[in-house]
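Trainee: This is the structure I want to talk about, given as structure tokens.
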Amino acid sequence: MQLTEQMRVAVDNILANKMRSLLTTLGVVIGVTSVILLVSIGEGMRSYLADIFAGMGSNLLFVFPGKSSTRGHGRTLNTVRRLTLEDARALRQRSLNIAGVTSLVVGGSTVERGSRSRDVLVMGTDDQFPPVHSHGVSTGSFFTEEDVDNKHRVAIIGRTVVEELFGEESPLGQPVKIHESRFRVVGVMAPKGQSVGFDFDDTVYIPVSCALDLFNQEGLTRLSIKAANKTNLDPAVEDIRRILTHRHNNREDFTIVSQADMLDTFNQIAETMTYVLLGIASISLLVGGIGIMNIMLVSVRERTREIGVRKALGATKRDILVQFLVESVAVSLLGGVIGLGLGALIAAGVSAAVPEIPTKITLWIILVAFGFSVAVGVFFGVAPAKKAADLDPIESLRYE
Amino acid sequence: MIDIREITKVYRMGSTEVHALRGVDLKVTKGDFISVVGPSGSGKSTLMNIVGCLDTPSSGIYRLDGTLVSEMRDDALATIRNRKIGFVFQTFNLLPRQSALDNVCLPLLYASVGKRERRARGLEALKRVELERRAGHRPSELSGGERQRVAIARALVNRPSILLADEPTGNLDQKVGKEIISLFSRLNQEEGVTLVIVTHDHEIAAMAPRRVEIIDGSIVSDSTPGQ
């Protein structure tokens, strides 16, 4: 019997039991939906993170105080020796492999202007921040080395802070109160948006020397270092390690983290998420497959007489086997199509709610979804189909 | 055409053996119209199943159109059933969700006949049982007699060597039963269709030129009353 005829019979039987067929597909629907979400959102996250790190500049290195035994970003609190402005200066002066060093002290504080106030992220930094982080002012000017050395109380504020405190007014030259101290606004940062959990535009930048006083800190939060070589960061890392170790009594009590390390960490998290979702998808597909097998077994029993008639009229074992296999694949494929639609819909919803995560349904995802559903249909359809094919025609014709 | 020699069939029911057929010889030639009679449990259904290639004998030889079918395996038997045998059942056994025409065309589907030819031959078969007007109707929309005629058309559609009917009037009232009998008779006389009919119906038994009686697994009489 031709496959096209077998398909016609299968579709006919599915339509004969619409509700039952639909319920049977549910497990596969959930399975395929999670596969679709898994792949499309996973890919979206990955490209989102890649974008962020590309925006930061790929040759950035961070030095944190304290040594963690595991590779990565852990910091111990009982730092033996703090990172200082002198460390930054030494790195700047003594290495040819370093293009720029900027010191950072990060803290949270309240910015006030008249009766309005806002809790913001305060970054104490120096004049090297714009070149190292590739992020500068849109109006006014960034503070100078002189401002840092002389602890001038000047501030650069982010776009969100401007909107909240000044509205339409120009903030340049205006006084603001940060942590109960008066500062003068000298610039507005170019908008950068959100990234890895915080809003760059909801930030105030002040000279690092002022920040150390303001937050009563003795050491820096971190150093951001731009390597001279864009592709190979190793010479810069080596120099940092050598210079700082020497300065810290031959102890490596700091941690150097590269952009690649951070990307690795994020990728590891993404990978874990992928496995979790993959597990959910596999379980759903397994349950869905068992559901299909169950219904197909019921269907074989219900249609025992039909099978007997078909056999009497000349259907071979193979004809019957293929008939029921095509039917289970069709049911499973129906689940796949519904799951694909549902997954695409949810992915689109996620993209609409979180514009930073661009979910995409590619041809590859569609093929995976169809591949999964066909595989489930075949795998769980074989046993019932085999049972149908092996029925004895005489017994089947007598079956009531 | 059918040459059956020394056929036996033994079923095993637990530890006991049931001898359904004890050495049966039967010859059927083209154009025969045979009624098979006998009490229930006599083995006539078993004989029909073997003749219809639904079952294989425990021993003995069965040749159909010169082919030795008693030694064949399942799939070869399926092909023989498809090409050489037409079945008519007591309970019609039509597929309820398909039209009369689709039901009639079912054997052609398994013979891999093309769509257009299937339709043409299906309609022609329906014409032979005078039901071409009802081609698009489903079984549930047809009367009992009409359903059995559709079933007969289905049995004829692949031009089988022999048509086997098992109690074809058993589920019909007497008047409709008579119509079916006269249809069989006409097919035999005008078109030369070879018929073997298992029946309790005396009218069929009376109409068939040849009568085979089975009791307890053996043929006790094979008579041609008219001659």
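Following the order of the structure tokens, first chain is A, next is B, and so on, with residues numbered from 1 inside each chain and ligands from 1 in the order they appear.
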Could you pull the residues within 9 Å of A:Ile206, counting only C-alpha atoms, minus those fewer than 5 positions along the same chain, as a list of chain:residue names?

Mentor: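 My reading of the contact set: A:Val122, A:Met123, A:Gly124, A:Thr125, A:Asp126, A:Phe143, A:Val148, A:His152, A:Arg153, A:Val154, A:Ala155, A:Ile156, A:Ile157, A:Phe183, A:Ala211.
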
Trainee: Starting from chain A, keep only residues with some atom at most 12 Å from an atom of chain B, counting only C-alpha atoms, and report them as a compact mmCIF listing (two decimals) with N, CA and C atoms, in the first residue's frame.

Mentor:
# COMPACT_ATOMS: atom_id res chain seq x y z
N MET A 1 0.85 -1.20 0.00
CA MET A 1 0.00 0.00 0.00
C MET A 1 0.88 1.25 0.00
N GLN A 2 0.50 2.24 -0.77
CA GLN A 2 1.32 3.44 -0.88
C GLN A 2 1.26 4.26 0.40
N LEU A 3 2.37 4.96 0.68
CA LEU A 3 2.48 5.74 1.90
C LEU A 3 1.44 6.86 1.93
N THR A 4 1.17 7.44 0.77
CA THR A 4 0.19 8.54 0.74
C THR A 4 -1.17 8.05 1.21
N GLU A 5 -1.53 6.82 0.82
CA GLU A 5 -2.81 6.25 1.26
C GLU A 5 -2.79 6.00 2.76
N GLN A 6 -1.63 5.50 3.24
CA GLN A 6 -1.49 5.25 4.67
C GLN A 6 -1.69 6.55 5.44
N ARG A 8 -3.40 9.16 4.50
CA ARG A 8 -4.81 9.56 4.43
C ARG A 8 -5.61 8.81 5.50
N VAL A 9 -5.33 7.52 5.63
CA VAL A 9 -6.01 6.69 6.64
C VAL A 9 -5.70 7.23 8.04
N ASP A 12 -7.45 10.46 8.75
CA ASP A 12 -8.86 10.13 8.93
C ASP A 12 -9.14 9.64 10.35
N ASN A 13 -8.26 8.77 10.84
CA ASN A 13 -8.47 8.22 12.18
C ASN A 13 -8.24 9.24 13.28
N ILE A 14 -7.28 10.15 13.04
CA ILE A 14 -7.03 11.19 14.03
C ILE A 14 -8.24 12.12 14.11
N LEU A 15 -8.80 12.46 12.95
CA LEU A 15 -9.96 13.34 12.92
C LEU A 15 -11.19 12.67 13.53
N ALA A 16 -11.22 11.35 13.46
CA ALA A 16 -12.37 10.62 14.01
C ALA A 16 -12.40 10.75 15.54
N ASN A 17 -11.23 10.93 16.16
CA ASN A 17 -11.15 11.09 17.61
C ASN A 17 -10.42 12.37 17.95
N ARG A 303 -9.78 -1.46 17.25
CA ARG A 303 -9.88 -1.68 15.80
C ARG A 303 -9.44 -3.07 15.40
N THR A 304 -9.48 -3.99 16.37
CA THR A 304 -9.08 -5.37 16.07
C THR A 304 -9.84 -5.91 14.85
N ARG A 305 -11.13 -5.66 14.83
CA ARG A 305 -11.95 -6.18 13.75
C ARG A 305 -11.56 -5.57 12.40
N GLU A 306 -11.32 -4.24 12.44
CA GLU A 306 -10.87 -3.57 11.21
C GLU A 306 -9.57 -4.20 10.71
N ILE A 307 -8.68 -4.49 11.67
CA ILE A 307 -7.40 -5.10 11.29
C ILE A 307 -7.66 -6.47 10.65
N GLY A 308 -8.59 -7.25 11.24
CA GLY A 308 -8.95 -8.55 10.69
C GLY A 308 -9.47 -8.42 9.27
N VAL A 309 -10.36 -7.45 9.05
CA VAL A 309 -10.92 -7.24 7.71
C VAL A 309 -9.82 -6.89 6.72
N ARG A 310 -8.98 -5.94 7.14
CA ARG A 310 -7.90 -5.52 6.24
C ARG A 310 -7.00 -6.70 5.88
N LYS A 311 -6.72 -7.53 6.89
CA LYS A 311 -5.86 -8.69 6.62
C LYS A 311 -6.54 -9.68 5.69
N ALA A 312 -7.83 -9.92 5.90
CA ALA A 312 -8.56 -10.84 5.05
C ALA A 312 -8.56 -10.34 3.60
N LEU A 313 -8.58 -9.01 3.46
CA LEU A 313 -8.64 -8.45 2.11
C LEU A 313 -7.26 -8.34 1.48
N GLY A 314 -6.23 -8.76 2.19
CA GLY A 314 -4.92 -8.83 1.56
C GLY A 314 -3.85 -7.94 2.15
N ALA A 315 -4.12 -7.27 3.29
CA ALA A 315 -3.08 -6.46 3.92
C ALA A 315 -2.00 -7.38 4.49
N THR A 316 -0.75 -7.08 4.20
CA THR A 316 0.34 -7.85 4.77
C THR A 316 0.64 -7.30 6.17
N LYS A 317 1.48 -8.03 6.91
CA LYS A 317 1.90 -7.56 8.23
C LYS A 317 2.50 -6.17 8.13
N ARG A 318 3.29 -6.00 7.08
CA ARG A 318 3.98 -4.74 6.90
C ARG A 318 2.97 -3.60 6.68
N ASP A 319 1.92 -3.87 5.89
CA ASP A 319 0.89 -2.86 5.65
C ASP A 319 0.28 -2.38 6.96
N ILE A 320 -0.05 -3.35 7.83
CA ILE A 320 -0.68 -3.00 9.11
C ILE A 320 0.31 -2.27 10.01
N GLN A 323 0.69 1.20 8.79
CA GLN A 323 -0.53 1.97 9.05
C GLN A 323 -0.52 2.55 10.46
N ALA A 389 0.15 -5.74 13.83
CA ALA A 389 0.59 -6.51 12.67
C ALA A 389 0.57 -8.01 12.95
N ASP A 390 0.82 -8.36 14.23
CA ASP A 390 0.90 -9.78 14.57
C ASP A 390 -0.45 -10.42 14.91
N LEU A 391 -1.51 -9.62 14.88
CA LEU A 391 -2.84 -10.19 15.20
C LEU A 391 -3.19 -11.28 14.21
N ASP A 392 -3.86 -12.31 14.73
CA ASP A 392 -4.30 -13.40 13.87
C ASP A 392 -5.59 -12.99 13.17
N PRO A 393 -5.66 -13.08 11.84
CA PRO A 393 -6.84 -12.58 11.13
C PRO A 393 -8.14 -13.27 11.55
N ILE A 394 -8.08 -14.56 11.81
CA ILE A 394 -9.32 -15.28 12.17
C ILE A 394 -9.85 -14.80 13.52
N GLU A 395 -8.91 -14.73 14.49
CA GLU A 395 -9.29 -14.24 15.82
C GLU A 395 -9.85 -12.82 15.72
N SER A 396 -9.17 -11.99 14.94
CA SER A 396 -9.56 -10.58 14.84
C SER A 396 -10.95 -10.43 14.23
N LEU A 397 -11.27 -11.29 13.24
CA LEU A 397 -12.58 -11.19 12.59
C LEU A 397 -13.69 -11.61 13.55
N ARG A 398 -13.36 -12.47 14.51
CA ARG A 398 -14.36 -12.92 15.49
C ARG A 398 -14.51 -11.93 16.63
N TYR A 399 -13.52 -11.03 16.78
CA TYR A 399 -13.48 -10.11 17.93
C TYR A 399 -14.70 -9.21 17.96
N GLU A 400 -15.33 -9.12 19.11
CA GLU A 400 -16.49 -8.23 19.24
C GLU A 400 -16.07 -6.97 20.00

Trainee: Which polymer residues have any atom within 10 Å of an atom of B:Gly38, counting only C-alpha atoms, with same-chain residues fewer than 3 positions away left out, as a ChimeraX atom specification?

Mentor: /B:41-45,198-200,212-217,219-220

Trainee: From stretch 140-351 of chain A, collect each residue whose DSSP state is strand (DSSP E) and return the set as a PyMOL selection string.

Mentor: chain A and resi 140+154-157+175-178+181-189+194-195+198-199+203-207+222-227+254-258

Trainee: Hey, can you spit out that residue selection with N, CA and C atoms as an mmCIF file, in the first residue's frame?

Mentor:
data_model
loop_
_atom_site.group_PDB
_atom_site.id
_atom_site.type_symbol
_atom_site.label_atom_id
_atom_site.label_comp_id
_atom_site.auth_asym_id
_atom_site.auth_seq_id
_atom_site.Cartn_x
_atom_site.Cartn_y
_atom_site.Cartn_z
ATOM 1 N N GLY A 140 29.530 68.435 28.556
ATOM 2 C CA GLY A 140 30.459 68.787 29.622
ATOM 3 C C GLY A 140 31.775 68.061 29.408
ATOM 4 N N VAL A 154 33.876 67.343 42.101
ATOM 5 C CA VAL A 154 33.142 67.450 40.837
ATOM 6 C C VAL A 154 32.508 66.080 40.540
ATOM 7 N N ALA A 155 31.409 66.105 39.820
ATOM 8 C CA ALA A 155 30.704 64.852 39.528
ATOM 9 C C ALA A 155 30.216 64.815 38.094
ATOM 10 N N ILE A 156 30.225 63.615 37.541
ATOM 11 C CA ILE A 156 29.621 63.375 36.228
ATOM 12 C C ILE A 156 28.405 62.505 36.507
ATOM 13 N N ILE A 157 27.259 62.837 35.952
ATOM 14 C CA ILE A 157 26.080 62.031 36.276
ATOM 15 C C ILE A 157 25.515 61.345 35.039
ATOM 16 N N PRO A 175 24.947 72.432 41.601
ATOM 17 C CA PRO A 175 25.426 71.666 42.757
ATOM 18 C C PRO A 175 24.498 70.476 43.077
ATOM 19 N N VAL A 176 25.078 69.362 43.531
ATOM 20 C CA VAL A 176 24.286 68.239 44.050
ATOM 21 C C VAL A 176 24.935 67.789 45.359
ATOM 22 N N LYS A 177 24.172 67.100 46.171
ATOM 23 C CA LYS A 177 24.705 66.587 47.434
ATOM 24 C C LYS A 177 24.844 65.082 47.288
ATOM 25 N N ILE A 178 26.079 64.586 47.480
ATOM 26 C CA ILE A 178 26.286 63.142 47.438
ATOM 27 C C ILE A 178 26.833 62.724 48.788
ATOM 28 N N SER A 181 27.766 65.442 51.001
ATOM 29 C CA SER A 181 28.820 66.376 50.605
ATOM 30 C C SER A 181 28.402 67.071 49.315
ATOM 31 N N ARG A 182 28.834 68.312 49.188
ATOM 32 C CA ARG A 182 28.472 69.095 48.001
ATOM 33 C C ARG A 182 29.405 68.777 46.832
ATOM 34 N N PHE A 183 28.824 68.500 45.687
ATOM 35 C CA PHE A 183 29.606 68.308 44.465
ATOM 36 C C PHE A 183 29.032 69.202 43.389
ATOM 37 N N ARG A 184 29.864 69.492 42.368
ATOM 38 C CA ARG A 184 29.390 70.299 41.251
ATOM 39 C C ARG A 184 29.356 69.395 40.013
ATOM 40 N N VAL A 185 28.243 69.454 39.308
ATOM 41 C CA VAL A 185 28.103 68.610 38.110
ATOM 42 C C VAL A 185 28.876 69.247 36.969
ATOM 43 N N VAL A 186 29.815 68.472 36.394
ATOM 44 C CA VAL A 186 30.613 69.028 35.289
ATOM 45 C C VAL A 186 30.359 68.302 33.972
ATOM 46 N N GLY A 187 29.617 67.225 34.027
ATOM 47 C CA GLY A 187 29.382 66.494 32.769
ATOM 48 C C GLY A 187 28.243 65.512 32.902
ATOM 49 N N VAL A 188 27.740 65.074 31.768
ATOM 50 C CA VAL A 188 26.703 64.046 31.713
ATOM 51 C C VAL A 188 27.245 62.889 30.870
ATOM 52 N N MET A 189 27.148 61.687 31.407
ATOM 53 C CA MET A 189 27.663 60.519 30.676
ATOM 54 C C MET A 189 26.780 60.191 29.483
ATOM 55 N N GLN A 194 21.330 49.234 30.268
ATOM 56 C CA GLN A 194 21.507 48.252 31.326
ATOM 57 C C GLN A 194 22.400 47.126 30.861
ATOM 58 N N SER A 195 23.077 46.538 31.806
ATOM 59 C CA SER A 195 23.894 45.391 31.463
ATOM 60 C C SER A 195 24.225 44.609 32.700
ATOM 61 N N PHE A 198 22.826 45.797 36.207
ATOM 62 C CA PHE A 198 22.663 47.174 36.679
ATOM 63 C C PHE A 198 22.632 48.214 35.568
ATOM 64 N N ASP A 199 22.090 49.361 35.983
ATOM 65 C CA ASP A 199 21.816 50.427 35.040
ATOM 66 C C ASP A 199 22.996 51.402 35.035
ATOM 67 N N THR A 203 23.975 56.119 37.442
ATOM 68 C CA THR A 203 25.248 56.128 38.140
ATOM 69 C C THR A 203 25.815 57.542 38.220
ATOM 70 N N VAL A 204 26.535 57.794 39.293
ATOM 71 C CA VAL A 204 27.236 59.080 39.440
ATOM 72 C C VAL A 204 28.730 58.784 39.539
ATOM 73 N N TYR A 205 29.539 59.535 38.780
ATOM 74 C CA TYR A 205 30.985 59.335 38.791
ATOM 75 C C TYR A 205 31.650 60.498 39.520
ATOM 76 N N ILE A 206 32.520 60.182 40.485
ATOM 77 C CA ILE A 206 33.252 61.229 41.202
ATOM 78 C C ILE A 206 34.727 60.835 41.236
ATOM 79 N N PRO A 207 35.630 61.779 41.511
ATOM 80 C CA PRO A 207 37.052 61.423 41.583
ATOM 81 C C PRO A 207 37.268 60.332 42.629
ATOM 82 N N ARG A 222 38.318 47.830 42.644
ATOM 83 C CA ARG A 222 38.990 47.082 41.586
ATOM 84 C C ARG A 222 39.771 48.022 40.688
ATOM 85 N N LEU A 223 40.623 47.415 39.880
ATOM 86 C CA LEU A 223 41.307 48.149 38.824
ATOM 87 C C LEU A 223 40.787 47.628 37.500
ATOM 88 N N SER A 224 40.513 48.540 36.576
ATOM 89 C CA SER A 224 40.180 48.103 35.213
ATOM 90 C C SER A 224 41.383 48.417 34.357
ATOM 91 N N ILE A 225 41.830 47.419 33.617
ATOM 92 C CA ILE A 225 43.059 47.595 32.839
ATOM 93 C C ILE A 225 42.816 47.236 31.395
ATOM 94 N N LYS A 226 43.263 48.116 30.532
ATOM 95 C CA LYS A 226 43.126 47.848 29.115
ATOM 96 C C LYS A 226 44.471 47.376 28.591
ATOM 97 N N ALA A 227 44.497 46.174 28.031
ATOM 98 C CA ALA A 227 45.754 45.629 27.508
ATOM 99 C C ALA A 227 46.086 46.293 26.181
ATOM 100 N N PHE A 254 45.815 39.132 45.059
ATOM 101 C CA PHE A 254 44.841 39.822 44.192
ATOM 102 C C PHE A 254 44.408 38.808 43.119
ATOM 103 N N THR A 255 43.341 39.131 42.450
ATOM 104 C CA THR A 255 42.827 38.223 41.425
ATOM 105 C C THR A 255 42.656 38.963 40.113
ATOM 106 N N ILE A 256 43.212 38.393 39.067
ATOM 107 C CA ILE A 256 43.068 39.002 37.742
ATOM 108 C C ILE A 256 41.988 38.238 36.983
ATOM 109 N N VAL A 257 41.001 38.983 36.553
ATOM 110 C CA VAL A 257 39.901 38.349 35.809
ATOM 111 C C VAL A 257 39.825 38.992 34.440
ATOM 112 N N SER A 258 39.796 38.159 33.419
ATOM 113 C CA SER A 258 39.672 38.729 32.072
ATOM 114 C C SER A 258 38.225 38.623 31.623
#

Trainee: Point out the residue among A:Ser328, A:Gln259, A:Gln268, A:Ser170 with the least atom-to-atom distance to A:Asn294, counting only C-alpha atoms.

Mentor: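 Ranking A:Ser328, A:Gln259, A:Gln268, A:Ser170 by distance to A:Asn294, first place goes to A:Ser328.
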
Trainee: Can you pull out every residue from stretch 101-343 of chain A that DSSP, working from the backbone, puts in alpha helix (DSSP H), and format the result as a PyMOL selection string?

Mentor: chain A and resi 129-133+145-149+159-165+208-214+234-247+259-302+304-312+317-343

Trainee: Here is a test: counting only C-alpha atoms, which residue of B:Asp173, B:Ser143, B:Ala135, B:Val28 is nearest to B:Arg63?

Mentor: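 Closest candidate: B:Val28.
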